[in-house]
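> Starting off with a structure, shown below.
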Amino acid sequence: MPAFTPTVNWPFSGDVSQLIAPWTSWFSAFGSQVGLININLGRSSAPEVERDILDEVGSYGRQLGRIGDALGVLLEHFDPKQPLTPDEEKAIRALRVMLEDIDGVKKRHNRSTIE
């Protein structure tokens, strides 16, 4: 076993951590038609609006995060006028658990959470 193993980094080739989505980035360059293969990356009645929202407002994760934060606030103040059915209680519990799990992941990554 060699005692010395050098690490060589060529220009612009240092240690890089980058999320690469080959399907979306490759096929978005060509639209959804590539040769004889037609790949539909999603259905939208207004894809240009969806693209602008993602570019100007926030990613799906950011949008869902804000919705989840708002739901958490509403749950804290939730006082139903009528008793919930067992299925409704189960749905609320599942939402609370999911929001707590999301907060745990955010904390693990030092991201802000609502407490």
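Identifiers in the structure tokens: chain A, B, ... in order shown; residue index from 1 per chain; ligand index from 1 in order shown.
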Give me the residues near region 70-72 of chain A as a CSV table (one decimal) with C-alpha atoms, in the first residue's frame, where near means some atom within 10 Å (using only C-alpha atoms) and where sequence neighbours in that chain fewer than 5 positions away do not count.


chain,number,residue,atom,x,y,z
A,64,LEU,CA,-44.6,23.8,1.6
A,65,GLY,CA,-42.6,24.9,4.5
A,77,HIS,CA,-55.4,28.0,18.1
A,78,PHE,CA,-57.7,25.3,16.8
A,95,LEU,CA,-50.4,16.4,10.4
A,96,ARG,CA,-48.9,17.3,13.9
A,99,LEU,CA,-44.8,18.9,11.2
A,100,GLU,CA,-42.8,17.8,14.2
A,114,ILE,CA,-41.4,28.0,14.6
A,115,GLU,CA,-41.6,27.0,18.2

> Taking only C-alpha atoms into account, which of A:Tyr60, A:Ser112, A:Val49, A:Leu75 comes nearest Ile92 (chain A)?

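Closest to Ile92 (chain A) of all the choices is A:Leu75.
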
> What is the distance, in Å and to one decimal place, between CA of Ser59 (chain A) and CA of Leu74 (chain A)?

22.8 Å
